[in-house]
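K.L.:
Input entry.cif, format and content: mmCIF, C-alpha atoms.
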```cif
data_coords
loop_
_atom_site.label_atom_id
_atom_site.label_comp_id
_atom_site.auth_asym_id
_atom_site.auth_seq_id
_atom_site.Cartn_x
_atom_site.Cartn_y
_atom_site.Cartn_z
CA MET A 1 -25.27 -20.71 20.68
CA ASN A 2 -26.33 -24.35 20.59
CA LYS A 3 -24.81 -26.94 18.20
CA ARG A 4 -27.61 -26.70 15.64
CA GLU A 5 -27.36 -22.90 15.52
CA HIS A 6 -23.58 -23.12 15.25
CA ASP A 7 -23.94 -25.65 12.41
CA THR A 8 -26.42 -23.44 10.53
CA ARG A 9 -24.24 -20.36 10.93
CA GLY A 10 -21.17 -22.35 9.88
CA HIS A 11 -23.04 -23.77 6.89
CA ILE A 12 -24.00 -20.27 5.70
CA LEU A 13 -20.36 -19.15 6.03
CA THR A 14 -19.05 -22.23 4.20
CA ILE A 15 -21.44 -21.76 1.29
CA GLY A 16 -20.78 -18.03 1.30
CA ARG A 17 -17.04 -18.54 1.12
CA ARG A 18 -17.45 -20.91 -1.81
CA LEU A 19 -19.60 -18.41 -3.70
CA THR A 20 -17.40 -15.44 -2.76
CA ALA A 21 -14.27 -17.24 -3.96
CA ARG A 22 -15.90 -17.56 -7.38
CA GLN A 23 -17.84 -14.29 -7.68
CA GLY A 24 -16.40 -11.81 -5.19
CA TYR A 25 -18.26 -10.34 -2.25
CA SER A 26 -20.44 -7.92 -4.24
CA GLY A 27 -21.21 -10.57 -6.83
CA VAL A 28 -23.00 -12.78 -4.29
CA GLY A 29 -26.56 -11.67 -3.69
CA LEU A 30 -28.36 -12.59 -0.50
CA SER A 31 -31.02 -14.52 -2.43
CA GLU A 32 -28.40 -16.65 -4.18
CA LEU A 33 -26.58 -17.32 -0.91
CA LEU A 34 -29.76 -18.39 0.90
CA LYS A 35 -30.99 -20.52 -1.99
CA THR A 36 -27.63 -22.29 -2.35
CA ALA A 37 -27.36 -22.80 1.42
CA GLY A 38 -31.00 -23.92 1.68
CA VAL A 39 -31.61 -21.46 4.52
CA PRO A 40 -34.63 -19.15 4.94
CA LYS A 41 -34.10 -15.40 5.02
CA GLY A 42 -35.17 -15.17 8.67
CA SER A 43 -32.44 -17.61 9.67
CA PHE A 44 -29.82 -15.48 7.95
CA TYR A 45 -30.85 -12.40 9.93
CA HIS A 46 -30.90 -14.44 13.12
CA TYR A 47 -27.12 -14.90 12.76
CA PHE A 48 -26.15 -11.79 10.83
CA PRO A 49 -27.91 -8.42 11.32
CA SER A 50 -26.76 -7.22 7.87
CA LYS A 51 -24.85 -8.33 4.80
CA GLU A 52 -21.86 -6.35 6.08
CA ALA A 53 -21.99 -8.21 9.42
CA TYR A 54 -22.10 -11.44 7.43
CA GLY A 55 -19.11 -10.24 5.36
CA CYS A 56 -17.19 -9.51 8.57
CA ALA A 57 -18.00 -12.98 9.92
CA LEU A 58 -16.97 -14.54 6.60
CA LEU A 59 -13.59 -12.79 6.71
CA GLU A 60 -13.04 -13.51 10.41
CA ASP A 61 -13.73 -17.18 9.72
CA PHE A 62 -11.29 -17.17 6.79
CA VAL A 63 -8.57 -15.35 8.75
CA GLU A 64 -8.81 -17.81 11.66
CA GLU A 65 -8.70 -20.83 9.36
CA TYR A 66 -5.79 -19.30 7.45
CA LYS A 67 -3.85 -18.66 10.68
CA ASP A 68 -4.22 -22.36 11.52
CA ARG A 69 -2.91 -23.37 8.08
CA LEU A 70 -0.13 -20.81 8.37
CA GLY A 71 0.97 -22.33 11.67
CA THR A 72 0.96 -25.79 10.15
CA SER A 73 3.27 -24.75 7.31
CA LEU A 74 5.53 -22.18 8.98
CA ASP A 75 5.90 -24.12 12.23
CA SER A 76 6.51 -27.54 10.68
CA PRO A 77 9.09 -29.42 12.78
CA THR A 78 10.34 -31.41 9.78
CA MET A 79 12.01 -28.49 7.93
CA ASP A 80 14.43 -25.72 8.77
CA ALA A 81 13.09 -22.14 8.81
CA ARG A 82 14.27 -21.24 5.30
CA ALA A 83 12.63 -24.35 3.84
CA ARG A 84 9.41 -23.55 5.73
CA PHE A 85 9.45 -19.93 4.52
CA LEU A 86 9.95 -20.94 0.89
CA ALA A 87 7.42 -23.78 1.14
CA TYR A 88 4.77 -21.30 2.30
CA PHE A 89 5.21 -19.27 -0.89
CA GLU A 90 5.48 -22.34 -3.13
CA ASP A 91 2.11 -23.43 -1.73
CA TRP A 92 0.74 -19.91 -2.30
CA GLY A 93 1.82 -20.04 -5.95
CA GLN A 94 0.21 -23.44 -6.50
CA LYS A 95 -3.06 -22.37 -4.88
CA GLN A 96 -3.28 -19.12 -6.86
CA VAL A 97 -3.21 -21.01 -10.17
CA SER A 98 -5.49 -23.80 -9.00
CA PRO A 99 -8.56 -24.35 -11.19
CA ASN A 100 -10.59 -24.39 -7.97
CA PRO A 101 -11.33 -20.77 -6.92
CA GLU A 102 -11.79 -21.90 -3.30
CA ASP A 103 -8.09 -22.75 -3.10
CA ARG A 104 -7.14 -19.13 -3.73
CA CYS A 105 -6.56 -16.59 -1.01
CA LEU A 106 -9.52 -14.37 -0.12
CA VAL A 107 -7.11 -11.60 0.89
CA VAL A 108 -5.96 -11.43 -2.73
CA LYS A 109 -9.50 -11.79 -4.05
CA LEU A 110 -11.24 -9.26 -1.82
CA SER A 111 -8.69 -6.63 -0.70
CA ALA A 112 -9.46 -4.01 -3.33
CA GLU A 113 -13.18 -4.77 -3.32
CA VAL A 114 -13.83 -4.45 0.41
CA ALA A 115 -11.49 -1.48 0.90
CA ASP A 116 -14.17 0.73 -0.66
CA LEU A 117 -17.18 -1.12 0.76
CA SER A 118 -16.61 -1.53 4.46
CA ALA A 119 -14.12 -0.15 6.96
CA ASP A 120 -14.89 -3.07 9.29
CA MET A 121 -14.25 -5.70 6.63
CA SER A 122 -11.12 -3.87 5.53
CA ASN A 123 -9.84 -3.81 9.12
CA ILE A 124 -10.39 -7.57 9.48
CA LEU A 125 -8.35 -8.23 6.34
CA GLN A 126 -5.62 -5.81 7.47
CA GLN A 127 -5.36 -7.52 10.87
CA GLY A 128 -5.11 -10.86 9.08
CA VAL A 129 -2.35 -9.54 6.83
CA ASP A 130 -0.50 -8.10 9.84
CA ALA A 131 -0.63 -11.49 11.58
CA ILE A 132 0.67 -13.27 8.48
CA VAL A 133 3.54 -10.82 8.02
CA ALA A 134 4.46 -11.09 11.72
CA HIS A 135 4.58 -14.90 11.43
CA LEU A 136 6.72 -14.66 8.31
CA ALA A 137 9.08 -12.26 10.11
CA ARG A 138 9.38 -14.68 13.05
CA THR A 139 10.24 -17.46 10.63
CA LEU A 140 13.00 -15.34 9.08
CA GLU A 141 14.34 -14.53 12.56
CA GLU A 142 14.32 -18.23 13.48
CA GLY A 143 16.20 -19.06 10.28
CA ILE A 144 18.84 -16.42 10.95
CA ALA A 145 19.25 -17.67 14.52
CA GLU A 146 19.50 -21.34 13.51
CA GLY A 147 21.77 -20.62 10.54
CA SER A 148 19.50 -21.76 7.69
CA ILE A 149 19.06 -18.15 6.48
CA GLY A 150 21.87 -15.70 5.79
CA ARG A 151 22.03 -12.19 7.18
CA ILE A 152 18.92 -10.04 6.79
CA ASP A 153 19.17 -6.70 8.60
CA GLU A 154 15.46 -6.09 9.09
CA PRO A 155 13.49 -9.36 8.95
CA ASP A 156 10.17 -7.60 9.65
CA VAL A 157 10.67 -5.20 6.72
CA MET A 158 11.80 -8.06 4.47
CA ALA A 159 8.78 -10.21 5.41
CA GLU A 160 6.41 -7.34 4.62
CA ALA A 161 8.12 -6.56 1.30
CA ILE A 162 8.02 -10.20 0.21
CA TYR A 163 4.37 -10.56 1.21
CA HIS A 164 3.45 -7.40 -0.73
CA GLN A 165 5.42 -8.69 -3.72
CA TRP A 166 3.34 -11.88 -3.66
CA LEU A 167 0.07 -9.97 -3.42
CA GLY A 168 1.05 -8.01 -6.51
CA ALA A 169 2.24 -11.11 -8.34
CA SER A 170 -1.06 -12.84 -7.54
CA LEU A 171 -3.07 -9.95 -8.97
CA VAL A 172 -0.99 -9.88 -12.16
CA ALA A 173 -1.26 -13.67 -12.46
CA SER A 174 -5.05 -13.34 -12.25
CA LEU A 175 -5.09 -10.62 -14.90
CA SER A 176 -2.74 -12.45 -17.26
CA HIS A 177 -4.08 -15.96 -16.56
CA SER A 178 -0.45 -17.02 -16.27
CA ASP A 179 1.74 -18.35 -13.50
CA ALA A 180 4.75 -16.36 -14.80
CA PRO A 181 4.38 -13.56 -12.19
CA LEU A 182 4.30 -16.17 -9.41
CA ILE A 183 7.36 -17.95 -10.78
CA SER A 184 9.15 -14.60 -10.89
CA ALA A 185 8.07 -13.84 -7.30
CA MET A 186 9.42 -17.22 -6.18
CA ARG A 187 12.81 -16.58 -7.80
CA ALA A 188 12.99 -13.15 -6.18
CA THR A 189 12.01 -14.59 -2.79
CA GLU A 190 14.74 -17.23 -2.99
CA LYS A 191 17.30 -14.47 -3.64
CA LEU A 192 15.94 -12.19 -0.91
CA VAL A 193 16.11 -15.02 1.64
CA PRO A 194 19.61 -16.42 1.09
CA ALA A 195 20.85 -19.63 2.58
CA SER A 196 23.62 -19.01 5.08
#
```
Would you mind giving the structure from this file in structure tokens?

P.N.:
Amino acid sequence: MNKREHDTRGHILTIGRRLTARQGYSGVGLSELLKTAGVPKGSFYHYFPSKEAYGCALLEDFVEEYKDRLGTSLDSPTMDARARFLAYFEDWGQKQVSPNPEDRCLVVKLSAEVADLSADMSNILQQGVDAIVAHLARTLEEGIAEGSIGRIDEPDVMAEAIYHQWLGASLVASLSHSDAPLISAMRATEKLVPAS
């Protein structure tokens, strides 16, 4: 793929992510996407053989970008592991209540929607979630080893439980239009990940 083709494909995905963050995957029609992106229909099908293939590419792009951001926060050399772990969730809470829908996590936004639409899209999100939970578990293990986190018998189970708690809190925060569920999740996370 040459640079121009890569730029066009990337442009479609960027515009699509913006629209999807606001309206959900099903809420974005192909006509609206192409009009907003300023791309002819033929160009869309040059890069994506179907809307589902486009959806898969959109999620793959998001998951890769999110992994990069995750590494930046959870691998920061300026904080101990407990501080990094808690900072990740503090950032999550701030983004979920942001007035800008693009700041919010597409995993939270699309999980229930794509589970019934596409096995491929669902698998991409699940692989992304698995990678996030594994990174969180490694951070807990690092904290236990360095002494910034107290004893946790099963860091992988704890990381998964905390992540699931935050997914639920994010959904309830969206329903209630309140940050109270996220504040509650943060308090619980601080207790579940004790300082040593």

K.L.:
Name the residues captured by the PyMOL selection byres ((chain A and resi 62) around 12) when it is applied to the shown file; answer as a short mmCIF file (atom, residue, chain, number, x, y, z; two decimals) with C-alpha atoms, in the frame of the given file.

P.N.:
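Wrote out.cif, looks like this:
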```
data_model
loop_
_atom_site.label_atom_id
_atom_site.label_comp_id
_atom_site.auth_asym_id
_atom_site.auth_seq_id
_atom_site.Cartn_x
_atom_site.Cartn_y
_atom_site.Cartn_z
CA GLY A 10 -21.17 -22.35 9.88
CA LEU A 13 -20.36 -19.15 6.03
CA THR A 14 -19.05 -22.23 4.20
CA GLY A 16 -20.78 -18.03 1.30
CA ARG A 17 -17.04 -18.54 1.12
CA ARG A 18 -17.45 -20.91 -1.81
CA THR A 20 -17.40 -15.44 -2.76
CA ALA A 21 -14.27 -17.24 -3.96
CA GLY A 55 -19.11 -10.24 5.36
CA CYS A 56 -17.19 -9.51 8.57
CA ALA A 57 -18.00 -12.98 9.92
CA LEU A 58 -16.97 -14.54 6.60
CA LEU A 59 -13.59 -12.79 6.71
CA GLU A 60 -13.04 -13.51 10.41
CA ASP A 61 -13.73 -17.18 9.72
CA VAL A 63 -8.57 -15.35 8.75
CA GLU A 64 -8.81 -17.81 11.66
CA GLU A 65 -8.70 -20.83 9.36
CA TYR A 66 -5.79 -19.30 7.45
CA LYS A 67 -3.85 -18.66 10.68
CA ASP A 68 -4.22 -22.36 11.52
CA ARG A 69 -2.91 -23.37 8.08
CA LEU A 70 -0.13 -20.81 8.37
CA GLU A 102 -11.79 -21.90 -3.30
CA ASP A 103 -8.09 -22.75 -3.10
CA ARG A 104 -7.14 -19.13 -3.73
CA CYS A 105 -6.56 -16.59 -1.01
CA LEU A 106 -9.52 -14.37 -0.12
CA VAL A 107 -7.11 -11.60 0.89
CA LEU A 110 -11.24 -9.26 -1.82
CA MET A 121 -14.25 -5.70 6.63
CA ILE A 124 -10.39 -7.57 9.48
CA LEU A 125 -8.35 -8.23 6.34
CA GLY A 128 -5.11 -10.86 9.08
CA VAL A 129 -2.35 -9.54 6.83
#
```

K.L.:
Rank A:Ala119, A:Ala112, A:Ala145, A:Ala83 by their smallest atom-to-atom distance to Glu190 of chain A, using all atoms listed in the file, and report the top residue only.

P.N.:
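Checking each of A:Ala119, A:Ala112, A:Ala145, A:Ala83 against Glu190 of chain A, counting all atoms listed in the file, the winner is A:Ala83.
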
K.L.:
Quick one: what's the axis-aligned box for segment 72-90 of chain A, all listed atoms, 6 Å on every side, centre and edges in Å to one decimal, as lines of an AutoDock Vina configuration file?

P.N.:
```
center_x = 7.7
center_y = -25.3
center_z = 4.8
size_x = 25.5
size_y = 24.1
size_z = 27.9
```

K.L.:
For Glu141 of chain A, which of A:Ala173, A:Ala115, A:Val193, A:Ala185 is the closest residue, counting only C-alpha atoms?

P.N.:
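That would be A:Val193, the residue with the smallest distance to Glu141 of chain A.
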
K.L.:
What does the distance between atom CA of Val97 of chain A and atom CA of Asp179 of chain A come to in Å, to one decimal place?

P.N.:
6.5 Å

K.L.:
Can you work out the spacing between atom CA of Ala161 of chain A and atom CA of Asn100 of chain A in Å, to one decimal?

P.N.:
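Interatomic distance here is 27.5 Å.
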
K.L.:
Could you write out as a VMD selection string the residues that the PyMOL selection byres ((chain A and resi 82) around 6) matches in the shown file?

P.N.:
chain A and resid 80 to 81 83 to 85 143 148 to 149

K.L.:
Can you work out which one of A:Lys109, A:Gln126, A:Leu117, A:Ala87 has the shortest atom-to-atom distance to Gln23 of chain A, counting only C-alpha atoms?

P.N.:
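Closest to Gln23 of chain A of all the choices is A:Lys109.
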
K.L.:
Go through A:Asp7, A:Asp130, A:Glu113, A:Asp91 and flag the residue nearest Gly24 of chain A, using only C-alpha atoms for the distances.

P.N.:
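Of the candidates, the smallest distance to Gly24 of chain A is held by A:Glu113.
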
K.L.:
Would you mind telling me which residue in A:Phe89, A:Tyr163, A:Tyr25, A:Tyr54 lies nearest to Arg187 of chain A when using only C-alpha atoms?

P.N.:
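Closest to Arg187 of chain A of all the choices is A:Phe89.
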
K.L.:
Pick out the closest residue to Phe48 of chain A from this set: A:Ser111, A:Thr8, A:Ser73, A:Gln94. Count only C-alpha atoms.

P.N.:
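Closest residue, counting only C-alpha atoms: A:Thr8.
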
K.L.:
To one decimal place, how far is atom CA of Pro99 of chain A from atom CA of Val114 of chain A in Å?

P.N.:
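So the answer is 23.6 Å.
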